[in-house]
file run.txt (compact mmCIF, C-alpha atoms and all ligand atoms)
# COMPACT_ATOMS: atom_id res chain seq x y z
CA MET A 1 4.36 31.71 5.61
CA SER A 2 5.26 32.41 9.24
CA VAL A 3 3.35 30.16 11.61
CA THR A 4 3.93 29.04 15.19
CA GLN A 5 2.46 25.62 14.63
CA PRO A 6 1.37 24.74 11.09
CA SER A 7 -1.76 22.70 10.62
CA ALA A 8 -2.68 20.02 8.09
CA ILE A 9 -5.81 18.13 7.13
CA ILE A 10 -5.24 14.68 5.64
CA ILE A 11 -8.13 13.16 3.68
CA GLY A 12 -8.01 9.35 3.82
CA ALA A 13 -6.77 6.96 6.52
CA GLY A 14 -5.25 4.15 4.46
CA PHE A 15 -1.54 3.34 4.72
CA THR A 16 -0.62 6.61 2.99
CA GLY A 17 -2.81 8.88 5.13
CA CYS A 18 -1.78 7.14 8.39
CA ALA A 19 1.95 7.24 7.52
CA LEU A 20 1.62 10.91 6.53
CA ALA A 21 -0.25 11.75 9.74
CA TYR A 22 2.66 10.27 11.70
CA ASP A 23 5.31 12.07 9.65
CA LEU A 24 3.67 15.53 9.80
CA ALA A 25 2.68 15.21 13.47
CA GLN A 26 6.23 14.16 14.33
CA ARG A 27 7.49 17.27 12.47
CA GLY A 28 5.32 19.47 14.70
CA PHE A 29 2.12 19.89 12.66
CA ALA A 30 -1.35 19.94 14.20
CA VAL A 31 -2.82 17.08 12.16
CA THR A 32 -6.47 16.31 11.51
CA VAL A 33 -7.27 13.12 9.58
CA VAL A 34 -10.69 12.85 7.94
CA GLU A 35 -11.76 9.40 6.72
CA ARG A 36 -15.17 8.44 5.39
CA GLY A 37 -15.02 4.88 6.76
CA GLU A 38 -12.90 3.07 9.35
CA LEU A 39 -9.09 3.05 9.34
CA ALA A 40 -7.84 1.06 6.30
CA SER A 41 -11.36 0.58 4.97
CA GLY A 42 -10.26 1.42 1.40
CA THR A 43 -7.63 -0.51 -0.53
CA SER A 44 -5.27 -0.83 2.45
CA GLY A 45 -7.53 -3.22 4.37
CA ARG A 46 -7.97 -5.47 1.34
CA THR A 47 -4.43 -5.75 0.05
CA HIS A 48 -2.50 -8.97 -0.59
CA GLY A 49 -0.11 -8.27 2.28
CA LEU A 50 3.25 -8.76 0.56
CA LEU A 51 6.12 -6.66 1.86
CA HIS A 52 7.76 -6.51 -1.54
CA SER A 53 11.48 -7.11 -1.88
CA GLY A 54 11.13 -5.33 -5.23
CA ALA A 55 12.06 -8.49 -7.16
CA ARG A 56 8.57 -8.67 -8.70
CA TYR A 57 9.28 -5.34 -10.48
CA CYS A 58 13.05 -5.50 -11.02
CA VAL A 59 12.79 -6.11 -14.78
CA THR A 60 9.73 -4.07 -15.75
CA ASP A 61 9.61 -1.20 -13.23
CA ALA A 62 13.05 -0.47 -11.77
CA GLU A 63 11.98 2.75 -10.03
CA ALA A 64 9.30 0.94 -8.03
CA ALA A 65 11.66 -2.00 -7.39
CA VAL A 66 14.32 0.24 -5.83
CA GLU A 67 11.70 2.00 -3.67
CA CYS A 68 10.43 -1.40 -2.51
CA ILE A 69 13.78 -2.85 -1.43
CA GLN A 70 14.74 0.34 0.40
CA GLU A 71 11.42 0.51 2.24
CA ASN A 72 11.34 -3.26 2.84
CA ILE A 73 14.53 -2.86 4.88
CA ILE A 74 13.18 0.15 6.81
CA LEU A 75 9.74 -1.35 7.57
CA ARG A 76 11.29 -4.61 8.77
CA ARG A 77 13.13 -2.46 11.30
CA ILE A 78 10.40 -0.02 12.41
CA ALA A 79 7.28 -2.19 11.99
CA LYS A 80 8.46 -5.60 13.27
CA GLN A 81 5.17 -6.10 15.12
CA CYS A 82 3.25 -6.15 11.79
CA ILE A 83 5.65 -8.22 9.68
CA GLU A 84 6.34 -11.91 9.38
CA TYR A 85 9.80 -11.93 7.85
CA ASN A 86 9.49 -15.30 6.16
CA GLY A 87 11.33 -14.60 2.90
CA GLY A 88 10.23 -15.55 -0.59
CA TYR A 89 11.03 -17.84 -3.49
CA PHE A 90 10.71 -17.20 -7.22
CA VAL A 91 10.16 -20.55 -8.94
CA ALA A 92 10.30 -21.52 -12.62
CA LEU A 93 7.51 -23.80 -13.85
CA ASP A 94 8.35 -24.01 -17.55
CA ASP A 95 10.95 -23.11 -20.17
CA ALA A 96 9.63 -19.56 -20.58
CA ASP A 97 10.14 -18.99 -16.84
CA LEU A 98 13.66 -20.45 -17.12
CA ALA A 99 14.45 -18.07 -19.98
CA TYR A 100 13.41 -15.16 -17.76
CA ALA A 101 15.90 -16.16 -15.03
CA PRO A 102 19.02 -14.34 -16.36
CA VAL A 103 17.08 -11.08 -16.95
CA PHE A 104 15.59 -11.43 -13.49
CA SER A 105 19.01 -11.91 -11.83
CA GLN A 106 20.48 -8.94 -13.69
CA GLY A 107 17.47 -6.73 -12.91
CA ALA A 108 17.60 -7.62 -9.23
CA GLN A 109 21.31 -6.90 -9.06
CA ALA A 110 20.85 -3.54 -10.80
CA CYS A 111 18.13 -2.58 -8.29
CA GLY A 112 20.18 -3.67 -5.24
CA ILE A 113 17.90 -6.61 -4.37
CA PRO A 114 19.73 -9.61 -2.88
CA VAL A 115 18.70 -12.66 -4.92
CA GLU A 116 20.25 -16.11 -4.54
CA GLU A 117 19.70 -19.16 -6.73
CA ILE A 118 19.11 -21.95 -4.24
CA GLY A 119 18.44 -25.00 -6.39
CA VAL A 120 15.34 -27.14 -6.71
CA LYS A 121 16.31 -29.66 -4.03
CA ARG A 122 16.72 -27.05 -1.32
CA ALA A 123 13.50 -25.27 -2.34
CA LEU A 124 11.50 -28.50 -2.15
CA GLY A 125 13.19 -29.47 1.10
CA THR A 126 12.14 -26.24 2.78
CA GLU A 127 8.73 -25.95 1.05
CA PRO A 128 7.48 -29.52 0.57
CA ALA A 129 4.07 -28.43 -0.81
CA LEU A 130 5.69 -26.71 -3.80
CA ASN A 131 5.06 -28.16 -7.25
CA PRO A 132 7.67 -31.00 -7.43
CA ASN A 133 8.27 -30.20 -11.11
CA ILE A 134 9.77 -26.74 -10.56
CA LEU A 135 12.85 -26.17 -12.71
CA ALA A 136 14.68 -23.46 -10.72
CA ALA A 137 14.29 -21.48 -7.49
CA TYR A 138 15.63 -18.13 -6.30
CA GLN A 139 15.45 -16.73 -2.79
CA VAL A 140 14.51 -13.05 -2.14
CA PRO A 141 13.85 -10.97 1.01
CA ASP A 142 10.03 -10.86 0.65
CA ALA A 143 7.84 -10.89 3.75
CA ALA A 144 4.16 -10.88 4.73
CA PHE A 145 2.58 -7.99 6.65
CA ASP A 146 -0.66 -7.69 8.56
CA PRO A 147 -2.55 -4.86 6.80
CA LEU A 148 -4.73 -3.66 9.66
CA ARG A 149 -1.90 -3.72 12.18
CA LEU A 150 0.37 -1.75 9.84
CA ALA A 151 -2.20 1.02 9.37
CA MET A 152 -2.96 1.07 13.10
CA ALA A 153 0.74 1.19 14.05
CA PHE A 154 1.26 4.29 11.89
CA ALA A 155 -1.96 5.84 13.24
CA ALA A 156 -1.00 5.05 16.86
CA SER A 157 2.39 6.70 16.24
CA ALA A 158 0.59 9.76 14.80
CA ARG A 159 -1.71 9.96 17.80
CA ARG A 160 1.31 9.93 20.12
CA TYR A 161 2.21 13.26 18.52
CA GLY A 162 -1.30 14.62 18.88
CA ALA A 163 -2.88 13.75 15.50
CA LYS A 164 -6.69 13.59 15.59
CA PHE A 165 -8.55 10.92 13.61
CA ASN A 166 -12.11 11.64 12.46
CA THR A 167 -13.38 8.39 11.02
CA TYR A 168 -16.85 8.13 9.38
CA HIS A 169 -16.48 11.68 8.02
CA ASP A 170 -17.12 11.92 4.30
CA VAL A 171 -15.39 14.89 2.62
CA VAL A 172 -17.91 16.59 0.35
CA GLY A 173 -16.40 20.03 -0.31
CA PHE A 174 -13.38 22.32 -0.04
CA LEU A 175 -13.31 25.69 1.75
CA ARG A 176 -11.77 28.60 -0.18
CA ASP A 177 -10.16 31.81 1.05
CA GLY A 178 -10.59 35.21 -0.60
CA ASN A 179 -7.98 34.30 -3.25
CA GLY A 180 -9.72 31.09 -4.26
CA ASN A 181 -7.10 28.95 -2.50
CA ILE A 182 -8.07 25.97 -0.36
CA CYS A 183 -8.14 26.57 3.38
CA GLY A 184 -10.04 23.52 4.63
CA ILE A 185 -12.74 20.99 3.91
CA SER A 186 -16.39 20.38 4.59
CA ALA A 187 -17.52 16.90 5.51
CA VAL A 188 -20.57 15.00 6.67
CA ASN A 189 -20.32 13.19 9.99
CA ARG A 190 -21.83 9.84 9.06
CA HIS A 191 -22.77 9.05 12.68
CA SER A 192 -24.88 12.17 13.15
CA ALA A 193 -25.50 13.09 9.48
CA GLN A 194 -24.41 16.62 10.49
CA PRO A 195 -22.20 18.83 8.31
CA VAL A 196 -18.83 19.76 9.79
CA GLU A 197 -15.94 21.96 8.64
CA PHE A 198 -12.19 21.75 9.34
CA GLN A 199 -9.68 24.50 8.51
CA ALA A 200 -5.90 24.17 8.10
CA ASP A 201 -2.86 25.73 6.42
CA ILE A 202 -2.66 22.79 4.03
CA THR A 203 -4.93 19.94 2.95
CA VAL A 204 -3.53 16.67 1.62
CA ASN A 205 -5.64 14.42 -0.55
CA ALA A 206 -4.41 10.90 0.35
CA THR A 207 -7.43 9.00 -0.90
CA GLY A 208 -5.64 6.44 -3.09
CA ALA A 209 -7.88 5.14 -5.86
CA TRP A 210 -10.43 7.87 -4.95
CA ALA A 211 -7.87 10.70 -5.34
CA GLY A 212 -9.27 11.70 -8.74
CA LYS A 213 -12.83 11.73 -7.45
CA VAL A 214 -11.94 13.81 -4.37
CA ALA A 215 -9.82 16.32 -6.33
CA GLU A 216 -12.67 16.65 -8.80
CA ILE A 217 -14.79 18.15 -5.98
CA ALA A 218 -12.35 21.08 -6.14
CA GLY A 219 -12.51 21.06 -9.95
CA ILE A 220 -8.94 19.74 -10.18
CA PRO A 221 -7.95 16.79 -12.40
CA VAL A 222 -5.71 14.05 -10.95
CA PRO A 223 -4.87 11.22 -13.40
CA VAL A 224 -5.36 8.27 -11.08
CA ARG A 225 -6.59 5.00 -12.56
CA PRO A 226 -8.45 2.70 -10.17
CA THR A 227 -7.01 -0.69 -11.19
CA PRO A 228 -8.53 -3.51 -9.14
CA GLY A 229 -7.32 -7.00 -8.49
CA VAL A 230 -9.03 -10.10 -7.13
CA MET A 231 -7.45 -12.31 -4.45
CA VAL A 232 -8.53 -15.77 -3.26
CA ALA A 233 -7.89 -17.00 0.29
CA TYR A 234 -7.66 -20.68 1.31
CA GLU A 235 -8.42 -22.32 4.64
CA LYS A 236 -4.88 -23.65 5.06
CA ARG A 237 -1.42 -22.15 5.15
CA VAL A 238 0.42 -24.28 2.61
CA THR A 239 3.87 -22.65 2.57
CA GLU A 240 5.99 -20.81 5.08
CA ARG A 241 7.40 -18.43 2.48
CA VAL A 242 6.00 -16.15 -0.18
CA ILE A 243 5.97 -18.10 -3.47
CA ASN A 244 6.30 -16.06 -6.67
CA ARG A 245 6.27 -17.38 -10.20
CA LEU A 246 9.54 -16.56 -11.99
CA CYS A 247 8.04 -14.40 -14.76
CA GLU A 248 7.09 -10.82 -15.57
CA PRO A 249 4.24 -9.47 -13.36
CA ASP A 250 1.14 -11.47 -14.29
CA ASP A 251 -2.19 -12.69 -12.93
CA GLY A 252 -1.95 -15.13 -10.02
CA ASP A 253 1.83 -14.92 -9.76
CA ILE A 254 2.11 -14.57 -5.96
CA LEU A 255 1.01 -17.03 -3.27
CA LEU A 256 1.28 -15.61 0.22
CA PRO A 257 1.04 -17.19 3.67
CA GLN A 258 -1.22 -14.98 5.83
CA ARG A 259 -1.44 -16.34 9.40
CA ARG A 260 -3.10 -19.76 8.96
CA MET A 261 -4.28 -19.08 5.41
CA ALA A 262 -2.81 -18.96 1.92
CA VAL A 263 -3.77 -16.11 -0.42
CA ILE A 264 -3.24 -16.10 -4.19
CA GLY A 265 -3.32 -12.88 -6.19
CA THR A 266 -4.01 -10.99 -8.17
CA THR A 267 -5.74 -9.99 -11.38
CA SER A 268 -5.56 -6.51 -12.91
CA PHE A 269 -8.34 -4.66 -14.71
CA GLU A 270 -9.69 -1.12 -14.85
CA VAL A 271 -12.93 0.33 -13.48
CA GLU A 272 -14.48 3.80 -13.61
CA ASP A 273 -15.69 3.75 -10.02
CA ALA A 274 -13.52 2.36 -7.20
CA ASP A 275 -16.69 2.00 -5.10
CA TYR A 276 -18.08 -0.71 -7.31
CA ILE A 277 -15.69 -3.55 -8.13
CA PRO A 278 -17.22 -6.82 -9.19
CA VAL A 279 -15.57 -10.12 -8.19
CA HIS A 280 -15.86 -12.01 -11.48
CA PRO A 281 -16.26 -15.81 -11.00
CA ASP A 282 -13.99 -16.45 -14.02
CA GLN A 283 -11.20 -14.47 -12.33
CA VAL A 284 -11.63 -16.52 -9.15
CA LYS A 285 -11.38 -19.72 -11.21
CA GLU A 286 -8.26 -18.44 -12.94
CA MET A 287 -6.64 -17.55 -9.60
CA HIS A 288 -7.43 -21.04 -8.33
CA LYS A 289 -5.88 -22.62 -11.42
CA ARG A 290 -2.71 -20.55 -11.11
CA ALA A 291 -2.41 -21.17 -7.36
CA ALA A 292 -2.54 -24.93 -8.02
CA LEU A 293 0.33 -24.63 -10.49
CA LEU A 294 2.53 -23.34 -7.66
CA VAL A 295 1.14 -25.63 -4.93
CA PRO A 296 -0.86 -28.56 -6.36
CA ALA A 297 -2.38 -29.49 -2.96
CA LEU A 298 -4.52 -26.33 -3.12
CA VAL A 299 -6.87 -28.16 -5.49
CA ASN A 300 -8.24 -29.99 -2.44
CA ILE A 301 -8.16 -27.15 0.06
CA LYS A 302 -11.33 -25.22 0.78
CA MET A 303 -11.53 -21.63 -0.42
CA ARG A 304 -12.20 -19.25 2.41
CA GLY A 305 -13.28 -16.39 0.19
CA ALA A 306 -12.49 -14.08 -2.68
CA TYR A 307 -12.01 -10.34 -2.25
CA MET A 308 -10.87 -7.35 -4.23
CA SER A 309 -9.70 -3.75 -4.05
CA ALA A 310 -8.41 -1.07 -6.42
CA ARG A 311 -4.80 -0.04 -6.93
CA PRO A 312 -4.33 3.72 -7.18
CA LEU A 313 -2.15 3.75 -10.30
CA ILE A 314 -0.96 6.96 -11.90
CA GLY A 315 -2.54 7.09 -15.35
CA GLY A 316 -1.10 8.18 -18.64
CA MET A 317 -1.41 6.77 -22.09
CA MET A 318 -0.76 3.24 -20.80
CA SER A 319 -2.97 1.05 -18.61
CA GLY A 320 -3.07 -1.97 -16.29
CA ARG A 321 0.18 -3.87 -15.68
CA SER A 322 2.17 -1.43 -17.85
CA LEU A 323 1.51 1.40 -15.36
CA SER A 324 4.32 2.01 -12.90
CA ARG A 325 3.89 1.13 -9.21
CA THR A 326 5.73 4.26 -8.20
CA PHE A 327 3.95 7.23 -6.60
CA LYS A 328 3.52 10.94 -7.20
CA CYS A 329 2.93 14.10 -5.13
CA TYR A 330 1.02 16.90 -6.88
CA ASP A 331 1.34 20.49 -5.69
CA HIS A 332 -1.88 21.95 -7.10
CA ARG A 333 -0.48 25.47 -6.86
CA THR A 334 2.19 24.80 -9.50
CA ILE A 335 0.04 22.50 -11.63
CA ASP A 336 -3.45 24.03 -11.38
CA GLY A 337 -2.90 27.45 -9.81
CA VAL A 338 -4.79 26.48 -6.62
CA ASP A 339 -2.77 26.78 -3.41
CA GLY A 340 -3.43 24.94 -0.15
CA LEU A 341 -3.93 21.47 -1.65
CA VAL A 342 -1.50 18.62 -2.30
CA THR A 343 -2.39 15.16 -3.61
CA VAL A 344 -0.32 12.01 -3.04
CA THR A 345 -1.29 8.81 -4.79
CA GLY A 346 0.05 5.70 -6.53
CA GLY A 347 2.71 3.58 -4.83
CA LYS A 348 2.44 0.39 -2.81
CA ALA A 349 1.73 -0.51 0.78
CA THR A 350 5.44 -1.35 0.99
CA THR A 351 6.37 2.24 0.06
CA CYS A 352 3.81 4.13 2.19
CA ARG A 353 6.44 5.51 4.57
CA VAL A 354 8.56 7.10 1.84
CA MET A 355 5.40 8.38 0.11
CA ALA A 356 4.59 10.13 3.37
CA GLU A 357 8.16 11.43 3.70
CA LYS A 358 8.20 13.00 0.22
CA THR A 359 4.73 14.50 0.71
CA ALA A 360 5.67 15.93 4.10
CA ASP A 361 8.87 17.38 2.58
CA LEU A 362 6.73 19.15 -0.04
CA VAL A 363 4.27 20.41 2.58
CA CYS A 364 7.11 21.71 4.79
CA GLN A 365 8.74 23.42 1.84
CA LYS A 366 5.46 25.08 0.86
CA LEU A 367 4.92 26.42 4.39
CA GLY A 368 8.56 27.31 5.05
CA TRP A 369 8.66 24.87 8.00
CA GLN A 370 12.09 23.41 8.59
CA ARG A 371 11.84 20.02 10.24
CA VAL A 372 13.34 16.83 8.90
CA CYS A 373 11.76 13.40 8.62
CA GLU A 374 12.60 10.95 11.42
CA THR A 375 10.15 8.16 10.63
CA ALA A 376 12.80 5.78 9.30
CA GLN A 377 14.73 5.94 12.55
CA HIS A 378 12.28 4.91 15.27
CA PRO A 379 10.07 1.86 15.78
CA LEU A 380 6.36 2.57 15.35
CA ALA A 381 4.12 2.69 18.41
CA ASP A 382 2.37 -0.53 19.44
CA TYR A 383 -0.63 -0.85 17.12
CA HIS A 384 -2.95 -1.57 20.10
CA LEU A 385 -2.37 2.00 21.26
CA TYR A 386 -4.48 3.36 18.41
CA TYR A 387 -7.57 2.51 20.45
CA GLN A 388 -6.25 3.87 23.73
CA SER A 389 -6.28 7.50 24.81
CA THR A 390 -2.83 8.88 24.16
CA GLU A 391 -0.72 11.81 25.21
CA VAL A 392 1.35 14.14 23.10
CA ALA A 393 4.93 12.83 22.99
CA ALA A 394 7.47 14.77 25.01
C1 LIG B 401 -5.46 -6.33 -5.27
C2 LIG B 401 -4.33 -5.53 -4.65
C3 LIG B 401 -3.28 -6.17 -4.03
C4 LIG B 401 -2.23 -5.43 -3.50
N1 LIG B 401 -1.21 -6.07 -2.87
C5 LIG B 401 -0.19 -5.37 -2.38
C6 LIG B 401 0.87 -6.04 -1.71
O1 LIG B 401 0.83 -7.26 -1.54
N2 LIG B 401 1.90 -5.30 -1.24
C7 LIG B 401 1.95 -3.94 -1.40
O2 LIG B 401 2.95 -3.35 -0.99
N3 LIG B 401 0.94 -3.26 -2.00
C8 LIG B 401 -0.11 -3.94 -2.48
N4 LIG B 401 -1.14 -3.30 -3.08
C9 LIG B 401 -1.11 -1.84 -3.15
C10 LIG B 401 -1.58 -1.21 -1.82
O3 LIG B 401 -2.58 -1.98 -1.23
C11 LIG B 401 -2.08 0.21 -2.07
O4 LIG B 401 -1.10 0.92 -2.77
C12 LIG B 401 -2.37 0.94 -0.75
O5 LIG B 401 -3.23 0.20 0.08
C13 LIG B 401 -2.98 2.30 -1.03
O6 LIG B 401 -3.12 2.96 0.21
P1 LIG B 401 -3.72 4.41 0.27
O7 LIG B 401 -3.71 4.84 1.68
O8 LIG B 401 -3.02 5.28 -0.72
O9 LIG B 401 -5.22 4.23 -0.27
P2 LIG B 401 -6.49 3.60 0.53
O10 LIG B 401 -6.10 2.53 1.45
O11 LIG B 401 -7.52 3.29 -0.49
O12 LIG B 401 -6.95 4.83 1.43
C14 LIG B 401 -7.71 5.89 0.90
C15 LIG B 401 -8.80 6.22 1.90
O13 LIG B 401 -9.48 7.40 1.46
C16 LIG B 401 -10.81 7.28 1.93
N5 LIG B 401 -11.68 8.18 1.18
C17 LIG B 401 -12.05 8.11 -0.12
N6 LIG B 401 -12.89 9.12 -0.42
C18 LIG B 401 -13.05 9.87 0.71
C19 LIG B 401 -13.82 11.02 1.04
N7 LIG B 401 -14.59 11.64 0.15
N8 LIG B 401 -13.75 11.50 2.31
C20 LIG B 401 -12.97 10.89 3.25
N9 LIG B 401 -12.24 9.79 2.99
C21 LIG B 401 -12.28 9.27 1.74
C22 LIG B 401 -11.15 5.79 1.68
O14 LIG B 401 -12.23 5.37 2.49
C23 LIG B 401 -9.83 5.11 2.03
O15 LIG B 401 -9.82 4.61 3.36
C24 LIG B 401 -2.23 -4.02 -3.60
C25 LIG B 401 -3.30 -3.38 -4.21
C26 LIG B 401 -4.34 -4.13 -4.73
C27 LIG B 401 -5.50 -3.44 -5.36
call {"tool": "encode", "arguments": {"input": "run.txt", "output": "structure tokens"}}
result
Amino acid sequence: MSVTQPSAIIIGAGFTGCALAYDLAQRGFAVTVVERGELASGTSGRTHGLLHSGARYCVTDAEAAVECIQENIILRRIAKQCIEYNGGYFVALDDADLAYAPVFSQGAQACGIPVEEIGVKRALGTEPALNPNILAAYQVPDAAFDPLRLAMAFAASARRYGAKFNTYHDVVGFLRDGNGNICGISAVNRHSAQPVEFQADITVNATGAWAGKVAEIAGIPVPVRPTPGVMVAYEKRVTERVINRLCEPDDGDILLPQRRMAVIGTTSFEVEDADYIPVHPDQVKEMHKRAALLVPALVNIKMRGAYMSARPLIGGMMSGRSLSRTFKCYDHRTIDGVDGLVTVTGGKATTCRVMAEKTADLVCQKLGWQRVCETAQHPLADYHLYYQSTEVAA
């Protein structure tokens, strides 16, 4: 295709859609983002907030672990304003955890994740609220990020390159050209209840756990499994670092400091509809129990609330925790014979930038547009700028 300036519609303004808007706009695309709610009103605004070092996945999901450590390093550089680089500990609470330690060390080493055994005394000295009966402690480069600021920083960076954000626009249909290929979308403006259409050279479905539902509007199957998790927040910040249990990924294995709170997470179960996720009281109780194993003082600290959201996991024959945390881009021309539409889903908040990079590479290749990704090289725009009128970057 020979175009002077290619155009792209991105459906969804979570981390993935915002990072992709920045990447494509920076590569010279005219970008239109269409989001049915507010920025980060899907899973991204209700995530745990752990900038993964990858250590959580280094034994069971090496592909995701390597993506996490690589992106952890990049995001700490380009998104400093959104990240509290506090580091993390993996702590053993029983013999089974201790037995996992050698596999964990080997896995981390194989994935390029710097892990150091620091000893119980040092761990308790630096984190006095930790369970005093821990048997071992390892240090990893985890961090905590502010979800809303991260999405806004990517969106502000996209707006600097001219991207337009249409929030409160619900995508309800796809426009087709004479060959049956997709050339745009139809949406409902939820402020005015009026129908509206947008046209572009390419449309990207970046709707996370809703990617299957949105693709279905075009009659295209995408095997995404909405896999929710429940998190419980406490009124007090009890540790300075991220505290992980030294075990395979499990319920309630990560306790995170978020500003002045502590947040334990998560559970993992499947639902049909990502728009209706119950917060089961028994899951909240279980989170509370597991949080208190890591930091006993939490028993007496008031819960601030429980919340949930759905992971967009790529389905297959497996389910739940056995599904990989990696991501996938689908070119619906090669898979389903429908051109003009790409879907990106799966992944983690931590890997949203590289998800955007790979998707933008695919989009550029499809349109014959030769611009390389530069998003790993420059700090993101100040997140406050998302709400200010902006000019196209020089
Ligand atoms: C419980 C839980 C804890 C997690 N914790 C972490 C963590 O600590 N660290 C980490 O790295 N990752 C974590 N993740 C994963 C991470 O949060 C997700 O991978 C990420 O937020 C997905 O972003 P996204 O942009 O792909 O999807 P979303 O944020 O869900 O964005 C999709 C958007 O599409 C919009 N949309 C849907 N349908 C339509 C439509 N018809 N028209 C227009 N717009 C539409 C939605 O409103 C939504 O805003 C966690 C996930 C869960 C569930």
call {"tool": "residues_around", "arguments": {"input": "run.txt", "residues": "stretch 141-152 of chain A", "least_positions_apart": "6", "cutoff": "6 Å", "atoms": "all atoms listed in the file", "output": "list in words"}}
result
Phe15, Gly45, Gly49, Leu50, Leu51, His52, Ser53, Cys82, Ile83, Glu84, Tyr85, Asn86, Gly87, Gly88, Tyr383 and Tyr386 of chain A
call {"tool": "write_last_selection", "arguments": {"input": "run.txt", "atoms": "C-alpha atoms", "output": "PDB file, keeping the file's coordinate frame"}}
result
ATOM      1  CA  PHE A  15      -1.540   3.340   4.720  1.00  0.00           C
ATOM      2  CA  GLY A  45      -7.530  -3.220   4.370  1.00  0.00           C
ATOM      3  CA  GLY A  49      -0.110  -8.270   2.280  1.00  0.00           C
ATOM      4  CA  LEU A  50       3.250  -8.760   0.560  1.00  0.00           C
ATOM      5  CA  LEU A  51       6.120  -6.660   1.860  1.00  0.00           C
ATOM      6  CA  HIS A  52       7.760  -6.510  -1.540  1.00  0.00           C
ATOM      7  CA  SER A  53      11.480  -7.110  -1.880  1.00  0.00           C
ATOM      8  CA  CYS A  82       3.250  -6.150  11.790  1.00  0.00           C
ATOM      9  CA  ILE A  83       5.650  -8.220   9.680  1.00  0.00           C
ATOM     10  CA  GLU A  84       6.340 -11.910   9.380  1.00  0.00           C
ATOM     11  CA  TYR A  85       9.800 -11.930   7.850  1.00  0.00           C
ATOM     12  CA  ASN A  86       9.490 -15.300   6.160  1.00  0.00           C
ATOM     13  CA  GLY A  87      11.330 -14.600   2.900  1.00  0.00           C
ATOM     14  CA  GLY A  88      10.230 -15.550  -0.590  1.00  0.00           C
ATOM     15  CA  TYR A 383      -0.630  -0.850  17.120  1.00  0.00           C
ATOM     16  CA  TYR A 386      -4.480   3.360  18.410  1.00  0.00           C
TER      17      TYR A 386
END
call {"tool": "atom_distance", "arguments": {"input": "run.txt", "atom1": "atom CA of A:Gly112", "atom2": "atom CA of A:Thr350"}}
result
16.2 Å
call {"tool": "closest_residue", "arguments": {"input": "run.txt", "among": "A:Leu313, A:Cys68, A:Val230, A:Ala136", "to": "A:Lys285", "atoms": "all atoms listed in the file"}}
result
A:Val230
call {"tool": "residues_around", "arguments": {"input": "run.txt", "residues": "A:Arg77", "least_positions_apart": "3", "cutoff": "12 Å", "atoms": "all atoms listed in the file", "output": "MDAnalysis selection string"}}
result
chainID A and resid 70:74 80:85 375:380
call {"tool": "residues_near_point", "arguments": {"input": "run.txt", "point": "(-15.0, 9.6, 14.8)", "cutoff": "9 Å", "atoms": "only C-alpha atoms", "output": "list in words"}}
result
Val34, Glu35, Glu38, Phe165, Asn166, Thr167, Tyr168, His169, Asn189, Arg190 and His191 of chain A
call {"tool": "residues_near_ligand", "arguments": {"input": "run.txt", "ligand": "ligand LIG 401 (chain B)", "cutoff": "7 Å", "atoms": "only C-alpha atoms and all ligand atoms", "output": "PyMOL selection string"}}
result
chain A and resi 11-17+34-52+169-172+206-210+214+227-231+265-266+308-312+345-351
call {"tool": "atom_distance", "arguments": {"input": "run.txt", "atom1": "atom CA of A:Glu357", "atom2": "atom CA of A:Asp61"}}
result
21.2 Å
call {"tool": "residues_around", "arguments": {"input": "run.txt", "residues": "A:Ala123", "least_positions_apart": "3", "cutoff": "9 Å", "atoms": "all atoms listed in the file", "output": "VMD selection string"}}
result
chain A and resid 89 91 118 to 120 126 to 128 130 136 to 139
call {"tool": "atom_distance", "arguments": {"input": "run.txt", "atom1": "atom CA of A:Ala356", "atom2": "atom CA of A:Ser268"}}
result
25.4 Å
call {"tool": "closest_residue", "arguments": {"input": "run.txt", "among": "A:Ile69, A:Gly219, A:Ala30, A:Ala233", "to": "A:Val354", "atoms": "all atoms listed in the file"}}
result
A:Ile69
call {"tool": "closest_residue", "arguments": {"input": "run.txt", "among": "A:Val344, A:Met287, A:Ala108, A:Ala163", "to": "A:Ala65", "atoms": "all atoms listed in the file"}}
result
A:Ala108
call {"tool": "residues_around", "arguments": {"input": "run.txt", "residues": "A:Tyr330", "least_positions_apart": "6", "cutoff": "12 Å", "atoms": "all atoms listed in the file", "output": "PyMOL selection string"}}
result
chain A and resi 203-206+211-212+215+220-224+314+336-346+355+358-360+362-363
call {"tool": "residues_around", "arguments": {"input": "run.txt", "residues": "stretch 156-158 of chain A", "least_positions_apart": "5", "cutoff": "9 Å", "atoms": "only C-alpha atoms", "output": "tab-separated table (two decimals) with C-alpha atoms, in the coordinates of the input"}}
result
chain	number	residue	atom	x	y	z
A	18	CYS	CA	-1.78	7.14	8.39
A	19	ALA	CA	1.95	7.24	7.52
A	20	LEU	CA	1.62	10.91	6.53
A	21	ALA	CA	-0.25	11.75	9.74
A	22	TYR	CA	2.66	10.27	11.70
A	23	ASP	CA	5.31	12.07	9.65
A	24	LEU	CA	3.67	15.53	9.80
A	25	ALA	CA	2.68	15.21	13.47
A	26	GLN	CA	6.23	14.16	14.33
A	31	VAL	CA	-2.82	17.08	12.16
A	151	ALA	CA	-2.20	1.02	9.37
A	163	ALA	CA	-2.88	13.75	15.50
A	164	LYS	CA	-6.69	13.59	15.59
A	380	LEU	CA	6.36	2.57	15.35
A	381	ALA	CA	4.12	2.69	18.41
A	382	ASP	CA	2.37	-0.53	19.44
A	383	TYR	CA	-0.63	-0.85	17.12
A	384	HIS	CA	-2.95	-1.57	20.10
A	385	LEU	CA	-2.37	2.00	21.26
A	386	TYR	CA	-4.48	3.36	18.41
A	387	TYR	CA	-7.57	2.51	20.45
A	388	GLN	CA	-6.25	3.87	23.73
A	390	THR	CA	-2.83	8.88	24.16
